[in-house]
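A short write-up of the structure that comes next.
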Amino acid sequence: MENSETTKPLNFIEEIVEQDLRNNKNGGRIHTRFPPEPNGCLHIGHAKAICLSFGIAKKYNGKCNLRFDDTNPVTEDVEYVDSIKEDIHWLGFDWEGREFYASDYFEKLYEWAIKLIRKGKAYVDETSAEEISVSRGKPTQPGKESPFRNRSVEENLELFTGMKDGKFPDGSKVLRAKIDMSSPNMHMRDPVLYRIKHALHHRTGNKWCIYPMYDWAHGQSDYIEGITHSLCTLEFEIHRPLYDWCLEQVADGDYKPRQIEFARLNLNYTVMSKRRLLQLVHEGYVEDWNDPRMPTISGLRRRGYTPESLRNFVDIVGIAKRENVIDIALLEHVVRDDLNKIAPRVMVVLNPVKVIIKNYPEGQTEWMKAENNPEDECAGTRELPFTRELYIESDDFIEDPPKKFFRLSPGNEVRLKNAYIIKCTGIVKDADTGVVKEIHCTCDPETKSGTGNARKVKATIHWVSAEQVLDAEVRLYDRLFTKPDPDDTEVGGDWKSNLNPDSLKVVNAKVEVSLSKAVPGEHYQFQRIGYFCVDQDSQPDRLVFNRTVTLRDEWAKISSKK
RNA sequence: UGUCCGAUGGUGUAAUGGUAGCACUGCAGAUUUUGGUUCUGCCUGUCCAGGUUCGAAUCCUGGUCGGACAGCCA
């Protein structure tokens, strides 16, 4: 008996899989595939599909193939193949060498097309694209049959061979399935199976000038690879009768792959369509596909998201058929959750203001012991230099503090993390601007951290020595859009008008010296501020950090409410 | 006046004819040398109308609302 308290409920696809397993369908074999088109970078929506297909395979001792759906040479490019492979591996999945391409099957697909023609189930149509479109009718109105629909098998064979042999220009002819022009399903109204494209293909070069359409290639590729469960998003649901029809024409045994559709992932405060993502890149709203503000996998990686957090996100979000928009707060939650456990803590001051400890000797340095991660004992400790002059966060001092502000203010005490309790005794302002230049304090030598002094103060703040300190560029990233739904615009407005002008702010920060060894990709928690990772642009003498996400901030809530 | 799919708190997702649960968010509190973490509590939900049944989120009928489909894209 299963323990109902620990058994995770199955999603509807797992239920289908388990039922198939119980019925010993396909001999108990589970085989899925992830079929990206190499025409763009993968995004968080793809992560859902990857985790699903690879995850099902893993869970049920099956296999998952990586198959590039490269049937349209004019939009596809090798450069995306490598980035897609990198992203899948980074996410933690492996296709165990089963890296396939729909183009691997062009020959077989062609043979099957010939077979279709011989059966009288396909014909060469030479009406124009526009004519075909018109004669296809509308969803609510039946279409009309093409005048070429009833050509002889011989003529079709000759014409199709001619198409393959490059005798006709692009767009002059297509091969169509002969199904039903009055079907209520538009996709069954004699769908195009092959079109002519005299284009160089990234794998097959100029071997072919006719290319199969998605519907003719996808199910057949699944069949060739022995896929049992072909998981795809909802928009292909209406293709399923055609998927099944195509398979019906070529399958000769009991085995047939089954297409199952699930709802794609949507996230608020961002856009997800390849078209829009591409637009953001091309029009310079972001740096590139891997800009840390992009919902692409490479962008999230650069932002500091971990594979673990993304897998967890997909898991929490679930698999179902209803349309959904996930709150980006959930994405932020999963990465905080993971980074809290693994990210070493460091002290960094983003907006420094100088503190002078008046009763602390000039020239003296004490090395203060600091825990690297309170959530992980194994993370050990490090030593921080403490000196008479320090920097603290300018937000941590207010001359005239509001209620509930527990940090530094004239006459008030705070603890410096891992060091002493200090008291503000005075301030020095810039004569012209009135900005606080120096905060004068005294420290209580009895309160050094680790000495067991029990005196409590309301707040503990972070700091760095002003004498032993490093400068660093810190890129503060925020949500890409100001509205949950970027399409929520004034009438006639453009989604780009909702772009967040403050999605990136760059500051020059003061960071503790231990960070001198930080290397790209590392995650840190800047204490009391947020999680950051070292950017690929970082150099030993010019550190660059990206803010992954802020820490939850109770004070920010209180102060913004007032 | 098409076909297909869907509808459970603010968001997402369970409950498979038998106590509507979990997570995120929000709110309140406890703990805390991070206003972090952790812990506790609270708010908020079965689209509508009929029917079947001892009993319906679940099954049936009819509505309503939302989505997909009219590329020689995938």
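Ligands are numbered from 1 in the order shown, residues from 1 within each chain, and chains are lettered A, B, ... in the order they appear in the structure tokens.
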
- Identify, with DSSP run on backbone atoms, the residues in range 164-313 of chain A assigned to strand (DSSP E), and express the list as number ranges by chain. A: 174-177, 192-196, 210-212, 229-233, 258-262

Each residue of chain A with at least one atom at most 6 Å from chain B should appear once, together with its nearest atom pair and the corresponding distance in Å (one decimal); atoms considered: only C-alpha atoms (C1' of nucleotides); ordering: chain, then increasing residue number; output as a tab-separated table.
```
residue	atom	partner	partner_atom	distance
A:Lys138	CA	B:A70	C1'	4.9
A:Pro139	CA	B:A70	C1'	5.9
A:Thr140	CA	B:G2	C1'	4.0
A:Pro184	CA	B:U3	C1'	5.0
A:Asn185	CA	B:U3	C1'	5.7
A:Arg195	CA	B:C72	C1'	5.2
A:Glu235	CA	B:A68	C1'	5.6
A:Val317	CA	B:G12	C1'	5.8
A:Arg322	CA	B:G6	C1'	5.4
A:Asp327	CA	B:U11	C1'	5.8
A:Leu330	CA	B:C24	C1'	5.4
A:Lys417	CA	B:U33	C1'	5.9
A:Gln527	CA	B:U34	C1'	5.6
A:Arg528	CA	B:U34	C1'	4.8
A:Glu554	CA	B:G35	C1'	5.0
A:Trp555	CA	B:G35	C1'	5.2
```

Could the residues in this selection be saved with N, CA and C atoms as a CSV table (one decimal), in the first residue's frame?
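result-v6.csv, written as the output of this step:
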```csv
chain,number,residue,atom,x,y,z
A,138,LYS,N,-13.6,29.1,-44.3
A,138,LYS,CA,-13.4,29.6,-43.0
A,138,LYS,C,-13.8,28.6,-42.0
A,139,PRO,N,-13.4,28.8,-40.7
A,139,PRO,CA,-13.8,27.9,-39.7
A,139,PRO,C,-15.3,27.6,-39.7
A,140,THR,N,-16.1,28.6,-40.0
A,140,THR,CA,-17.5,28.3,-40.0
A,140,THR,C,-18.1,28.0,-41.3
A,184,PRO,N,-15.1,20.1,-40.4
A,184,PRO,CA,-15.1,21.3,-39.5
A,184,PRO,C,-13.8,21.7,-38.9
A,185,ASN,N,-12.8,20.8,-39.0
A,185,ASN,CA,-11.5,21.0,-38.6
A,185,ASN,C,-10.7,21.5,-39.8
A,195,ARG,N,6.2,21.6,-49.4
A,195,ARG,CA,6.3,22.8,-50.2
A,195,ARG,C,7.7,22.9,-50.8
A,235,GLU,N,-2.0,24.4,-28.4
A,235,GLU,CA,-2.4,24.8,-29.8
A,235,GLU,C,-2.3,23.7,-30.8
A,317,VAL,N,4.3,24.5,-10.3
A,317,VAL,CA,3.4,25.1,-11.3
A,317,VAL,C,2.4,24.0,-11.8
A,322,ARG,N,-5.8,23.8,-18.5
A,322,ARG,CA,-6.4,25.1,-18.6
A,322,ARG,C,-5.3,26.2,-18.7
A,327,ASP,N,2.2,33.7,-11.4
A,327,ASP,CA,2.7,34.9,-10.8
A,327,ASP,C,4.2,34.9,-10.7
A,330,LEU,N,6.1,33.7,-7.7
A,330,LEU,CA,6.5,32.3,-7.5
A,330,LEU,C,7.9,31.9,-8.0
A,417,LYS,N,26.8,44.0,12.1
A,417,LYS,CA,26.8,42.5,12.0
A,417,LYS,C,28.2,42.0,12.2
A,527,GLN,N,24.2,40.4,2.3
A,527,GLN,CA,23.3,40.3,3.5
A,527,GLN,C,22.4,41.5,3.6
A,528,ARG,N,21.2,41.2,3.9
A,528,ARG,CA,20.1,42.2,4.1
A,528,ARG,C,19.7,42.8,2.7
A,554,GLU,N,10.6,43.3,4.9
A,554,GLU,CA,9.5,43.8,5.8
A,554,GLU,C,9.5,45.3,5.9
A,555,TRP,N,10.7,45.9,6.1
A,555,TRP,CA,10.7,47.3,6.2
A,555,TRP,C,10.2,48.1,5.0
```

- Item | Selection: 12 Å around A30 in chain B, only C-alpha atoms (C1' of nucleotides), excl. self and same-chain fewer than 5 positions, as a PyMOL selection string | chain B and resi 38-41

Selected residues written out with N, CA and C atoms (P, O5', C5', C4', C3', O3' and C1' of nucleotides), as a CSV table (one decimal), in the first residue's frame:
```
chain,number,residue,atom,x,y,z
B,38,U,P,11.9,29.7,5.1
B,38,U,O5',11.8,29.2,6.6
B,38,U,C5',12.7,28.1,7.0
B,38,U,C4',12.5,27.9,8.5
B,38,U,C3',11.0,27.8,9.0
B,38,U,O3',10.5,26.5,8.8
B,38,U,C1',12.2,29.3,10.4
B,39,C,P,9.0,26.3,8.4
B,39,C,O5',8.3,26.6,9.8
B,39,C,C5',8.6,25.9,11.0
B,39,C,C4',7.9,26.5,12.2
B,39,C,C3',6.5,26.8,12.0
B,39,C,O3',5.6,25.7,12.2
B,39,C,C1',7.5,28.7,13.0
B,40,U,P,4.2,25.5,11.5
B,40,U,O5',3.4,26.5,12.3
B,40,U,C5',3.1,26.3,13.7
B,40,U,C4',2.3,27.4,14.3
B,40,U,C3',1.1,27.8,13.5
B,40,U,O3',0.0,26.9,13.8
B,40,U,C1',2.2,29.7,14.1
B,41,G,P,-1.1,26.6,12.7
B,41,G,O5',-2.0,27.9,12.7
B,41,G,C5',-2.7,28.2,13.9
B,41,G,C4',-3.2,29.7,13.8
B,41,G,C3',-4.1,30.0,12.6
B,41,G,O3',-5.4,29.6,12.7
B,41,G,C1',-2.4,31.7,12.9
```

- Task: Name the residues in contact with range 197-210 of chain A at a cut-off of 12 Å, using only C-alpha atoms (C1' of nucleotides), excluding same-chain residues fewer than 4 positions from it; report them as a PyMOL selection string.
- Result: (chain A and resi 38-39+68-81+100-107+109-110+113+160-175+192-193) or (chain B and resi 72)

- Message: Residues near G50 in chain B, anyone? I mean within 12 Å using only C-alpha atoms (C1' of nucleotides), not counting same-chain ones fewer than 2 positions away, as JSON, numbers by chain.
- Response: {"B": [48, 52, 60, 61, 62, 63]}

For the residues in the current selection, export C-alpha atoms (C1' of nucleotides) as a PDB file, in the first residue's frame.
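Output below, filename out-v7.pdb:
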```pdb
ATOM      1  C1'   C B  48     -24.815  29.641 -13.789  1.00  0.00           C
ATOM      2  C1'   U B  52     -29.453  11.839 -11.439  1.00  0.00           C
ATOM      3  C1'   C B  60     -26.106  14.101 -17.287  1.00  0.00           C
ATOM      4  C1'   U B  61     -28.652  18.301 -19.969  1.00  0.00           C
ATOM      5  C1'   G B  62     -28.797  23.346 -21.218  1.00  0.00           C
ATOM      6  C1'   G B  63     -26.561  27.995 -20.794  1.00  0.00           C
TER       7        G B  63
END
```

- Task: May I have all residues of range 323-459 of chain A that DSSP, computed from the backbone, assigns to helix (DSSP H, G or I), given as a list of chain:residue names?
- Result: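 The residues of range 323-459 of chain A classed as helix (DSSP H, G or I) are A:Ile328, A:Ala329, A:Leu330, A:Leu331, A:Glu332, A:His333, A:Val334, A:Val335, A:Arg336, A:Asp337, A:Asp338, A:Leu339, A:Asn340, A:Lys341, A:Ile342, A:Glu377, A:Cys378, A:Ala379, A:Ser394, A:Asp395, A:Asp396, A:Pro445, A:Glu446, A:Thr447.
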
- Query: Taking into account only C-alpha atoms (C1' of nucleotides), which residue in the set A:Ile316, A:Ala370, A:Leu21, A:Ile421 is nearest to C22 in chain B?
  - Reply: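 Closest candidate: A:Ile316.
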
- Do you have the CA of Tyr60 in chain A-CA of Gly28 in chain A distance handy?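 Interatomic distance here is 9.5 Å.
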
- Could you jot down the CA of Leu384 in chain A to CA of Ala518 in chain A separation for me, Å, one decimal place? 15.9 Å

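If you count only C-alpha atoms (C1' of nucleotides) and ignore residues fewer than 2 places along the chain from Asn11 in chain A, what sits within 8 Å of it is Pro9, Ile13, Glu14, Glu15, Gly318, Ile319 and Ala320 of chain A.
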
Selected residues, N, CA, C and O atoms, written as a PDB file, in the first residue's frame, please.
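Wrote it out as out_35.pdb, contents follow:
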```pdb
ATOM      1  N   PRO A   9       0.225  13.707  -5.791  1.00  0.00           N
ATOM      2  CA  PRO A   9      -0.800  13.412  -6.797  1.00  0.00           C
ATOM      3  C   PRO A   9      -0.222  13.478  -8.212  1.00  0.00           C
ATOM      4  O   PRO A   9       0.690  14.241  -8.483  1.00  0.00           O
ATOM      5  N   ILE A  13      -1.183  13.691 -17.286  1.00  0.00           N
ATOM      6  CA  ILE A  13      -0.356  12.946 -18.233  1.00  0.00           C
ATOM      7  C   ILE A  13       0.256  11.718 -17.554  1.00  0.00           C
ATOM      8  O   ILE A  13       0.296  10.626 -18.123  1.00  0.00           O
ATOM      9  N   GLU A  14       0.697  11.912 -16.311  1.00  0.00           N
ATOM     10  CA  GLU A  14       1.239  10.769 -15.570  1.00  0.00           C
ATOM     11  C   GLU A  14       0.156   9.699 -15.384  1.00  0.00           C
ATOM     12  O   GLU A  14       0.438   8.503 -15.407  1.00  0.00           O
ATOM     13  N   GLU A  15      -1.066  10.157 -15.212  1.00  0.00           N
ATOM     14  CA  GLU A  15      -2.150   9.185 -15.076  1.00  0.00           C
ATOM     15  C   GLU A  15      -2.321   8.357 -16.336  1.00  0.00           C
ATOM     16  O   GLU A  15      -2.509   7.139 -16.275  1.00  0.00           O
ATOM     17  N   GLY A 318       2.827  22.790 -11.941  1.00  0.00           N
ATOM     18  CA  GLY A 318       1.927  21.711 -12.327  1.00  0.00           C
ATOM     19  C   GLY A 318       1.629  21.635 -13.813  1.00  0.00           C
ATOM     20  O   GLY A 318       1.994  22.518 -14.585  1.00  0.00           O
ATOM     21  N   ILE A 319       0.975  20.545 -14.181  1.00  0.00           N
ATOM     22  CA  ILE A 319       0.635  20.288 -15.579  1.00  0.00           C
ATOM     23  C   ILE A 319      -0.872  20.122 -15.673  1.00  0.00           C
ATOM     24  O   ILE A 319      -1.450  19.276 -14.990  1.00  0.00           O
ATOM     25  N   ALA A 320      -1.504  20.929 -16.499  1.00  0.00           N
ATOM     26  CA  ALA A 320      -2.945  20.790 -16.684  1.00  0.00           C
ATOM     27  C   ALA A 320      -3.312  21.324 -18.061  1.00  0.00           C
ATOM     28  O   ALA A 320      -2.440  21.712 -18.833  1.00  0.00           O
TER      29      ALA A 320
END
```

- Which polymer residues have any atom within 10 Å of an atom of Val549 in chain A, counting only C-alpha atoms (C1' of nucleotides), with same-chain residues fewer than 4 positions away left out, as an NGL selection string? :A and (303-305 or 331-333 or 335-336 or 339 or 476-479 or 525 or 529-533)

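A straight line drawn from CA of Ile392 in chain A to CA of Pro352 in chain A is 5.5 Å long.
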
- For Pro402 in chain A, which residue out of A:Asn65, A:Ser559, A:Thr32, A:Ser53 is the nearest one, using only C-alpha atoms?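 Residue with the minimum atom-to-atom distance to Pro402 in chain A: A:Ser559.
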